[in-house]
$ cat upload_15.cif   # mmCIF, C-alpha atoms
data_start
#
loop_
_atom_site.group_PDB
_atom_site.id
_atom_site.type_symbol
_atom_site.label_atom_id
_atom_site.label_comp_id
_atom_site.auth_asym_id
_atom_site.auth_seq_id
_atom_site.Cartn_x
_atom_site.Cartn_y
_atom_site.Cartn_z
ATOM 1 C CA MET A 14 92.460 79.027 8.424
ATOM 2 C CA ILE A 15 88.879 80.300 8.287
ATOM 3 C CA PHE A 16 88.553 81.009 4.603
ATOM 4 C CA GLY A 17 85.749 81.926 2.233
ATOM 5 C CA GLY A 18 82.646 84.063 2.487
ATOM 6 C CA VAL A 19 79.450 83.680 4.462
ATOM 7 C CA GLY A 20 78.745 80.110 3.330
ATOM 8 C CA THR A 21 82.185 78.540 3.124
ATOM 9 C CA GLY A 22 83.436 80.393 6.176
ATOM 10 C CA LEU A 23 80.470 79.100 8.167
ATOM 11 C CA TYR A 24 80.982 75.407 7.462
ATOM 12 C CA SER A 25 84.722 75.795 8.049
ATOM 13 C CA ILE A 26 84.006 77.149 11.525
ATOM 14 C CA LEU A 27 81.537 74.325 12.171
ATOM 15 C CA LEU A 28 84.185 71.749 11.240
ATOM 16 C CA TYR A 29 86.569 73.348 13.728
ATOM 17 C CA VAL A 30 83.863 73.280 16.401
ATOM 18 C CA LEU A 31 83.333 69.543 15.844
ATOM 19 C CA LEU A 32 87.074 68.957 16.085
ATOM 20 C CA ALA A 33 87.280 71.051 19.268
ATOM 21 C CA VAL A 34 84.442 69.055 20.842
ATOM 22 C CA PHE A 35 86.188 65.796 19.939
ATOM 23 C CA LEU A 36 89.508 66.931 21.427
ATOM 24 C CA GLY A 37 87.711 68.165 24.533
ATOM 25 C CA GLY A 38 86.146 64.731 24.926
ATOM 26 C CA LEU A 39 89.578 63.106 24.688
ATOM 27 C CA MET A 40 90.905 65.348 27.465
ATOM 28 C CA VAL A 41 88.075 64.494 29.845
ATOM 29 C CA GLY A 42 88.136 60.813 28.932
ATOM 30 C CA ARG A 43 84.640 60.478 27.530
ATOM 31 C CA SER A 44 82.922 60.885 24.174
ATOM 32 C CA ARG A 45 80.977 64.109 23.846
ATOM 33 C CA SER A 46 78.153 64.948 21.475
ATOM 34 C CA THR A 47 76.750 68.145 19.982
ATOM 35 C CA SER A 48 73.047 68.715 19.386
ATOM 36 C CA ALA A 49 72.370 65.243 20.816
ATOM 37 C CA ARG A 50 74.251 63.587 17.925
ATOM 38 C CA ARG A 51 77.479 61.833 18.851
ATOM 39 C CA SER A 52 80.562 62.353 16.669
ATOM 40 C CA GLU A 53 82.374 59.071 16.125
ATOM 41 C CA ALA A 54 85.491 57.952 14.244
ATOM 42 C CA ARG A 55 83.983 58.304 10.763
ATOM 43 C CA GLU A 56 82.792 61.865 11.323
ATOM 44 C CA ILE A 57 86.096 62.989 12.856
ATOM 45 C CA LYS A 58 88.045 61.537 9.929
ATOM 46 C CA LEU A 59 85.861 63.491 7.516
ATOM 47 C CA VAL A 60 86.296 66.622 9.631
ATOM 48 C CA ALA A 61 90.077 66.230 9.615
ATOM 49 C CA LEU A 62 90.150 65.736 5.841
ATOM 50 C CA GLY A 63 87.902 68.754 5.300
ATOM 51 C CA LEU A 64 90.167 70.964 7.409
ATOM 52 C CA LEU A 65 93.522 69.725 6.109
ATOM 53 C CA ILE A 66 92.801 69.500 2.376
ATOM 54 C CA THR A 67 93.026 73.270 1.883
ATOM 55 C CA PRO A 68 96.384 73.980 3.589
ATOM 56 C CA LEU A 69 97.901 70.760 2.229
ATOM 57 C CA THR A 70 96.951 71.812 -1.300
ATOM 58 C CA ALA A 71 98.757 75.129 -0.830
ATOM 59 C CA LEU A 72 101.852 73.446 0.590
ATOM 60 C CA PHE A 73 101.916 70.821 -2.164
ATOM 61 C CA SER A 74 101.575 73.514 -4.834
ATOM 62 C CA THR A 75 104.390 75.521 -3.241
ATOM 63 C CA ALA A 76 106.638 72.462 -3.131
ATOM 64 C CA LEU A 77 105.892 71.710 -6.784
ATOM 65 C CA ALA A 78 106.608 75.308 -7.777
ATOM 66 C CA THR A 79 109.963 75.363 -5.992
ATOM 67 C CA ALA A 80 111.139 71.846 -6.887
ATOM 68 C CA SER A 81 110.239 71.627 -10.572
ATOM 69 C CA ALA A 82 112.157 73.242 -13.418
ATOM 70 C CA ALA A 83 109.029 74.906 -14.818
ATOM 71 C CA GLY A 84 108.204 76.301 -11.382
ATOM 72 C CA ARG A 85 111.642 77.810 -10.918
ATOM 73 C CA ALA A 86 111.436 79.303 -14.407
ATOM 74 C CA SER A 87 108.226 81.101 -13.430
ATOM 75 C CA ILE A 88 110.080 83.106 -10.778
ATOM 76 C CA SER A 89 111.716 86.313 -11.899
ATOM 77 C CA THR A 90 115.491 86.168 -12.148
ATOM 78 C CA VAL A 91 115.789 89.328 -10.040
ATOM 79 C CA ALA A 92 116.444 88.312 -6.412
ATOM 80 C CA ALA A 93 114.872 84.918 -7.047
ATOM 81 C CA GLY A 94 117.101 82.921 -4.726
ATOM 82 C CA GLY A 95 116.901 82.293 -1.007
ATOM 83 C CA PRO A 96 113.809 82.922 1.109
ATOM 84 C CA GLN A 97 112.510 85.493 -1.384
ATOM 85 C CA GLY A 98 112.350 82.813 -4.055
ATOM 86 C CA PHE A 99 110.394 80.552 -1.711
ATOM 87 C CA SER A 100 107.932 83.285 -0.738
ATOM 88 C CA ARG A 101 107.090 84.084 -4.337
ATOM 89 C CA PRO A 102 105.269 80.807 -5.107
ATOM 90 C CA SER A 103 104.009 80.249 -1.555
ATOM 91 C CA THR A 104 102.202 83.601 -1.348
ATOM 92 C CA PRO A 105 100.001 83.284 -4.471
ATOM 93 C CA THR A 106 99.160 79.617 -3.866
ATOM 94 C CA SER A 107 98.025 80.420 -0.328
ATOM 95 C CA ARG A 108 95.973 83.389 -1.507
ATOM 96 C CA LYS A 109 94.326 81.638 -4.430
ATOM 97 C CA GLN A 110 92.781 79.030 -2.182
ATOM 98 C CA ASN A 111 91.550 81.480 0.443
ATOM 99 C CA ASN A 112 90.581 84.870 -0.926
ATOM 100 C CA ASN A 113 91.324 87.114 -3.898
ATOM 101 C CA GLY A 114 94.206 85.230 -5.483
ATOM 102 C CA SER A 115 96.629 88.125 -5.714
ATOM 103 C CA ALA A 116 100.191 87.218 -6.578
ATOM 104 C CA PHE A 117 103.693 88.060 -5.372
ATOM 105 C CA ALA A 118 105.497 90.590 -7.578
ATOM 106 C CA GLY A 119 107.815 88.809 -9.988
ATOM 107 C CA TYR A 120 106.079 85.436 -9.888
ATOM 108 C CA ASN A 121 103.405 85.662 -12.572
ATOM 109 C CA GLY A 122 102.329 88.387 -14.952
ATOM 110 C CA LEU A 123 105.931 89.540 -15.408
ATOM 111 C CA HIS A 124 108.060 88.073 -18.184
ATOM 112 C CA PRO A 125 111.831 87.811 -18.120
ATOM 113 C CA ALA A 126 113.669 90.400 -20.137
ATOM 114 C CA GLY A 127 114.256 89.471 -23.767
ATOM 115 C CA ARG A 128 111.482 86.841 -23.836
ATOM 116 C CA ARG A 129 108.345 87.349 -25.845
ATOM 117 C CA LYS A 130 105.131 87.493 -23.881
ATOM 118 C CA ARG A 131 103.526 84.792 -25.974
ATOM 119 C CA GLY A 132 104.624 81.270 -25.152
ATOM 120 C CA SER A 133 106.278 82.017 -21.821
ATOM 121 C CA HIS A 134 106.204 78.619 -20.130
ATOM 122 C CA GLY A 135 106.832 80.106 -16.696
ATOM 123 C CA VAL A 136 103.648 82.149 -16.619
ATOM 124 C CA THR A 137 101.707 79.235 -18.099
ATOM 125 C CA PHE A 138 102.906 76.958 -15.294
ATOM 126 C CA ALA A 139 101.925 79.524 -12.651
ATOM 127 C CA ASP A 140 98.475 79.930 -14.185
ATOM 128 C CA LEU A 141 97.834 76.193 -14.390
ATOM 129 C CA LEU A 142 99.106 75.552 -10.883
ATOM 130 C CA GLY A 143 97.074 78.437 -9.491
ATOM 131 C CA GLY A 144 93.939 77.250 -11.234
ATOM 132 C CA PHE A 145 94.370 73.731 -9.862
ATOM 133 C CA THR A 146 94.971 75.107 -6.363
ATOM 134 C CA ALA A 147 91.908 77.358 -6.432
ATOM 135 C CA LEU A 148 89.642 74.686 -7.924
ATOM 136 C CA PHE A 149 90.679 71.825 -5.661
ATOM 137 C CA ALA A 150 91.199 73.724 -2.403
ATOM 138 C CA ARG A 151 87.902 75.595 -2.615
ATOM 139 C CA TYR A 152 85.578 72.801 -3.726
ATOM 140 C CA ALA A 153 86.992 69.686 -2.078
ATOM 141 C CA PRO A 154 86.190 70.888 1.488
ATOM 142 C CA ILE A 155 82.556 71.332 0.440
ATOM 143 C CA LEU A 156 82.310 67.597 -0.274
ATOM 144 C CA PHE A 157 83.752 66.686 3.123
ATOM 145 C CA ALA A 158 81.455 69.164 4.897
ATOM 146 C CA LEU A 159 78.432 67.651 3.140
ATOM 147 C CA ALA A 160 79.657 64.164 4.064
ATOM 148 C CA VAL A 161 79.910 65.169 7.734
ATOM 149 C CA ALA A 162 76.428 66.694 7.623
ATOM 150 C CA GLY A 163 75.005 63.559 6.021
ATOM 151 C CA ALA A 164 76.695 61.296 8.558
ATOM 152 C CA LEU A 165 75.375 63.323 11.490
ATOM 153 C CA ALA A 166 71.889 63.634 9.995
ATOM 154 C CA GLY A 167 71.643 59.849 9.735
ATOM 155 C CA LYS A 168 72.346 59.342 13.426
ATOM 156 C CA ARG A 169 69.580 58.793 15.929
ATOM 157 C CA VAL A 170 68.950 61.752 18.206
ATOM 158 C CA SER A 171 69.850 60.929 21.803
ATOM 159 C CA PRO A 172 68.338 62.621 24.833
ATOM 160 C CA VAL A 173 70.277 65.603 26.079
ATOM 161 C CA GLY A 174 72.318 64.639 29.114
ATOM 162 C CA LEU A 175 75.686 65.033 30.789
ATOM 163 C CA GLY A 176 77.481 63.865 27.650
ATOM 164 C CA THR A 177 75.964 66.632 25.516
ATOM 165 C CA MET A 178 78.218 69.636 25.075
ATOM 166 C CA ARG A 179 76.615 73.018 24.669
ATOM 167 C CA THR A 180 78.080 75.028 21.787
ATOM 168 C CA ASP A 181 76.870 78.475 22.878
ATOM 169 C CA ASN A 182 79.241 79.114 25.776
ATOM 170 C CA ARG A 183 82.742 80.496 26.247
ATOM 171 C CA ASP A 184 84.373 77.111 26.751
ATOM 172 C CA VAL A 185 83.559 75.866 23.263
ATOM 173 C CA ARG A 186 84.425 79.220 21.686
ATOM 174 C CA GLY A 187 87.766 79.227 23.460
ATOM 175 C CA ALA A 188 88.460 75.614 22.518
ATOM 176 C CA ALA A 189 87.639 76.311 18.868
ATOM 177 C CA ASP A 190 89.927 79.357 18.850
ATOM 178 C CA ARG A 191 92.794 77.339 20.304
ATOM 179 C CA VAL A 192 92.275 74.519 17.802
ATOM 180 C CA ILE A 193 92.310 77.001 14.902
ATOM 181 C CA ILE A 194 95.544 78.573 16.152
ATOM 182 C CA LEU A 195 97.123 75.176 16.828
ATOM 183 C CA VAL A 196 96.244 73.701 13.424
ATOM 184 C CA GLY A 197 97.323 76.874 11.644
ATOM 185 C CA ALA A 198 100.627 77.041 13.495
ATOM 186 C CA LEU A 199 101.530 73.395 12.935
ATOM 187 C CA THR A 200 100.583 73.609 9.265
ATOM 188 C CA PHE A 201 102.125 76.889 8.126
ATOM 189 C CA PHE A 202 104.903 77.560 10.642
ATOM 190 C CA PRO A 203 107.564 75.589 8.689
ATOM 191 C CA ALA A 204 106.650 77.472 5.502
ATOM 192 C CA LEU A 205 106.832 80.797 7.337
ATOM 193 C CA LEU A 206 110.285 79.874 8.658
ATOM 194 C CA LEU A 207 111.572 79.056 5.178
ATOM 195 C CA GLY A 208 110.277 82.304 3.724
ATOM 196 C CA PRO A 209 109.370 85.549 5.539
ATOM 197 C CA VAL A 210 110.971 84.745 8.921
ATOM 198 C CA VAL A 211 114.350 83.793 7.440
ATOM 199 C CA GLN A 212 114.226 86.803 5.134
ATOM 200 C CA ALA A 213 113.560 89.126 8.075
ATOM 201 C CA LEU A 214 116.477 87.645 10.026
ATOM 202 C CA THR A 215 119.014 87.944 7.190
ATOM 203 C CA GLY A 216 118.969 91.731 7.125
ATOM 204 C CA HIS A 217 119.355 91.641 3.347
ATOM 205 C CA LEU A 218 117.120 93.982 1.336
ATOM 206 C CA TYR A 219 115.258 92.142 -1.398
ATOM 207 C CA HIS A 220 113.588 93.816 -4.342
#

$ encode --input "upload_15.cif" --output "structure tokens"
Amino acid sequence: MIFGGVGTGLYSILLYVLLAVFLGGLMVGRSRSTSARRSEAREIKLVALGLLITPLTALFSTALATASAAGRASISTVAAGGPQGFSRPSTPTSRKQNNNGSAFAGYNGLHPAGRRKRGSHGVTFADLLGGFTALFARYAPILFALAVAGALAGKRVSPVGLGTMRTDNRDVRGAADRVIILVGALTFFPALLLGPVVQALTGHLYH
């Protein structure tokens, strides 16, 4: 869930901290603020969009790769069915938005036997889908993070009081960790069940 390098990883963590502070305020029944600037409905909506746009892009790309005819053609015919066939498009789409973009063997870069390398529509579909995933999932969160920063910068600074939550203690770090785990589990757990978990439970050896 925390993706990117020093810059993108930093603002992703800050978005999770803002969400953790908001959820903590809901549990105690009062609105909390960080750095004497109160997060309201507009800022939390932008935070939620900035955090969800990346995993939703990966899941949408995986669904498109498994549901469309061109997407199914991009999967190698060897052991392409079942959970293995689902893991092949889900793995590269998840990696292309987060880190190095490495693929699953048999999904792209390999051409079916008897087909010329030039003009293979399956590899072309995988390349186009991967490029869209990397472009959209890496740059769209930047816009939402800048929107959150602009919204908070325009707010009037309030005096530090009981409603101000410190962000340099264990409570906030623990809350942010739990929010990251919770959002990651609710987002990717169904995809993990359809792919690697089911494959591990079948006992069938895939190649």

$ resolve_selection --input "upload_15.cif" --expression "the PyMOL selection byres ((chain A and resi 64-67) around 12)" --output "JSON list (two decimals) with C-alpha atoms, keeping the file's coordinate frame"
[["chain", "number", "residue", "atom", "x", "y", "z"],
["A", 14, "MET", "CA", 92.46, 79.03, 8.42],
["A", 15, "ILE", "CA", 88.88, 80.30, 8.29],
["A", 16, "PHE", "CA", 88.55, 81.01, 4.60],
["A", 17, "GLY", "CA", 85.75, 81.93, 2.23],
["A", 21, "THR", "CA", 82.18, 78.54, 3.12],
["A", 22, "GLY", "CA", 83.44, 80.39, 6.18],
["A", 24, "TYR", "CA", 80.98, 75.41, 7.46],
["A", 25, "SER", "CA", 84.72, 75.80, 8.05],
["A", 26, "ILE", "CA", 84.01, 77.15, 11.52],
["A", 27, "LEU", "CA", 81.54, 74.32, 12.17],
["A", 28, "LEU", "CA", 84.18, 71.75, 11.24],
["A", 29, "TYR", "CA", 86.57, 73.35, 13.73],
["A", 30, "VAL", "CA", 83.86, 73.28, 16.40],
["A", 31, "LEU", "CA", 83.33, 69.54, 15.84],
["A", 32, "LEU", "CA", 87.07, 68.96, 16.08],
["A", 57, "ILE", "CA", 86.10, 62.99, 12.86],
["A", 58, "LYS", "CA", 88.04, 61.54, 9.93],
["A", 59, "LEU", "CA", 85.86, 63.49, 7.52],
["A", 60, "VAL", "CA", 86.30, 66.62, 9.63],
["A", 61, "ALA", "CA", 90.08, 66.23, 9.62],
["A", 62, "LEU", "CA", 90.15, 65.74, 5.84],
["A", 63, "GLY", "CA", 87.90, 68.75, 5.30],
["A", 68, "PRO", "CA", 96.38, 73.98, 3.59],
["A", 69, "LEU", "CA", 97.90, 70.76, 2.23],
["A", 70, "THR", "CA", 96.95, 71.81, -1.30],
["A", 71, "ALA", "CA", 98.76, 75.13, -0.83],
["A", 72, "LEU", "CA", 101.85, 73.45, 0.59],
["A", 73, "PHE", "CA", 101.92, 70.82, -2.16],
["A", 74, "SER", "CA", 101.58, 73.51, -4.83],
["A", 106, "THR", "CA", 99.16, 79.62, -3.87],
["A", 107, "SER", "CA", 98.02, 80.42, -0.33],
["A", 108, "ARG", "CA", 95.97, 83.39, -1.51],
["A", 109, "LYS", "CA", 94.33, 81.64, -4.43],
["A", 110, "GLN", "CA", 92.78, 79.03, -2.18],
["A", 111, "ASN", "CA", 91.55, 81.48, 0.44],
["A", 145, "PHE", "CA", 94.37, 73.73, -9.86],
["A", 146, "THR", "CA", 94.97, 75.11, -6.36],
["A", 147, "ALA", "CA", 91.91, 77.36, -6.43],
["A", 148, "LEU", "CA", 89.64, 74.69, -7.92],
["A", 149, "PHE", "CA", 90.68, 71.82, -5.66],
["A", 150, "ALA", "CA", 91.20, 73.72, -2.40],
["A", 151, "ARG", "CA", 87.90, 75.60, -2.62],
["A", 152, "TYR", "CA", 85.58, 72.80, -3.73],
["A", 153, "ALA", "CA", 86.99, 69.69, -2.08],
["A", 154, "PRO", "CA", 86.19, 70.89, 1.49],
["A", 155, "ILE", "CA", 82.56, 71.33, 0.44],
["A", 156, "LEU", "CA", 82.31, 67.60, -0.27],
["A", 157, "PHE", "CA", 83.75, 66.69, 3.12],
["A", 158, "ALA", "CA", 81.46, 69.16, 4.90],
["A", 161, "VAL", "CA", 79.91, 65.17, 7.73],
["A", 192, "VAL", "CA", 92.28, 74.52, 17.80],
["A", 193, "ILE", "CA", 92.31, 77.00, 14.90],
["A", 196, "VAL", "CA", 96.24, 73.70, 13.42],
["A", 197, "GLY", "CA", 97.32, 76.87, 11.64],
["A", 199, "LEU", "CA", 101.53, 73.40, 12.94],
["A", 200, "THR", "CA", 100.58, 73.61, 9.26],
["A", 201, "PHE", "CA", 102.12, 76.89, 8.13]]

$ resolve_selection --input "upload_15.cif" --expression "the PyMOL selection byres ((chain A and resi 209) around 12)" --output "PDB file with C-alpha atoms, in the coordinates of the input"
ATOM      1  CA  GLY A  95     116.901  82.293  -1.007  1.00  0.00           C
ATOM      2  CA  PRO A  96     113.809  82.922   1.109  1.00  0.00           C
ATOM      3  CA  GLN A  97     112.510  85.493  -1.384  1.00  0.00           C
ATOM      4  CA  GLY A  98     112.350  82.813  -4.055  1.00  0.00           C
ATOM      5  CA  PHE A  99     110.394  80.552  -1.711  1.00  0.00           C
ATOM      6  CA  SER A 100     107.932  83.285  -0.738  1.00  0.00           C
ATOM      7  CA  ARG A 101     107.090  84.084  -4.337  1.00  0.00           C
ATOM      8  CA  SER A 103     104.009  80.249  -1.555  1.00  0.00           C
ATOM      9  CA  THR A 104     102.202  83.601  -1.348  1.00  0.00           C
ATOM     10  CA  PHE A 201     102.125  76.889   8.126  1.00  0.00           C
ATOM     11  CA  PHE A 202     104.903  77.560  10.642  1.00  0.00           C
ATOM     12  CA  PRO A 203     107.564  75.589   8.689  1.00  0.00           C
ATOM     13  CA  ALA A 204     106.650  77.472   5.502  1.00  0.00           C
ATOM     14  CA  LEU A 205     106.832  80.797   7.337  1.00  0.00           C
ATOM     15  CA  LEU A 206     110.285  79.874   8.658  1.00  0.00           C
ATOM     16  CA  LEU A 207     111.572  79.056   5.178  1.00  0.00           C
ATOM     17  CA  GLY A 208     110.277  82.304   3.724  1.00  0.00           C
ATOM     18  CA  VAL A 210     110.971  84.745   8.921  1.00  0.00           C
ATOM     19  CA  VAL A 211     114.350  83.793   7.440  1.00  0.00           C
ATOM     20  CA  GLN A 212     114.226  86.803   5.134  1.00  0.00           C
ATOM     21  CA  ALA A 213     113.560  89.126   8.075  1.00  0.00           C
ATOM     22  CA  LEU A 214     116.477  87.645  10.026  1.00  0.00           C
ATOM     23  CA  THR A 215     119.014  87.944   7.190  1.00  0.00           C
ATOM     24  CA  GLY A 216     118.969  91.731   7.125  1.00  0.00           C
ATOM     25  CA  HIS A 217     119.355  91.641   3.347  1.00  0.00           C
ATOM     26  CA  TYR A 219     115.258  92.142  -1.398  1.00  0.00           C
TER      27      TYR A 219
END

$ axis_aligned_box --input "upload_15.cif" --around "stretch 157-172 of chain A" --padding-each-side "4 Å" --output "lines of an AutoDock Vina configuration file"
center_x = 76.0
center_y = 64.0
center_z = 14.0
size_x = 23.4
size_y = 18.4
size_z = 29.7

$ atom_distance --input "upload_15.cif" --atom1 "atom CA of A:Tyr120" --atom2 "atom CA of A:Leu141"
13.2 Å

$ closest_residue --input "upload_15.cif" --among "A:Arg169, A:Ala198, A:Glu53, A:Gly163" --to "A:Leu39" --atoms "all atoms listed in the file"
A:Glu53

$ atom_distance --input "upload_15.cif" --atom1 "atom CA of A:Gly167" --atom2 "atom CA of A:Arg186"
26.1 Å

$ atom_distance --input "upload_15.cif" --atom1 "atom CA of A:Glu56" --atom2 "atom CA of A:Asp190"
20.3 Å
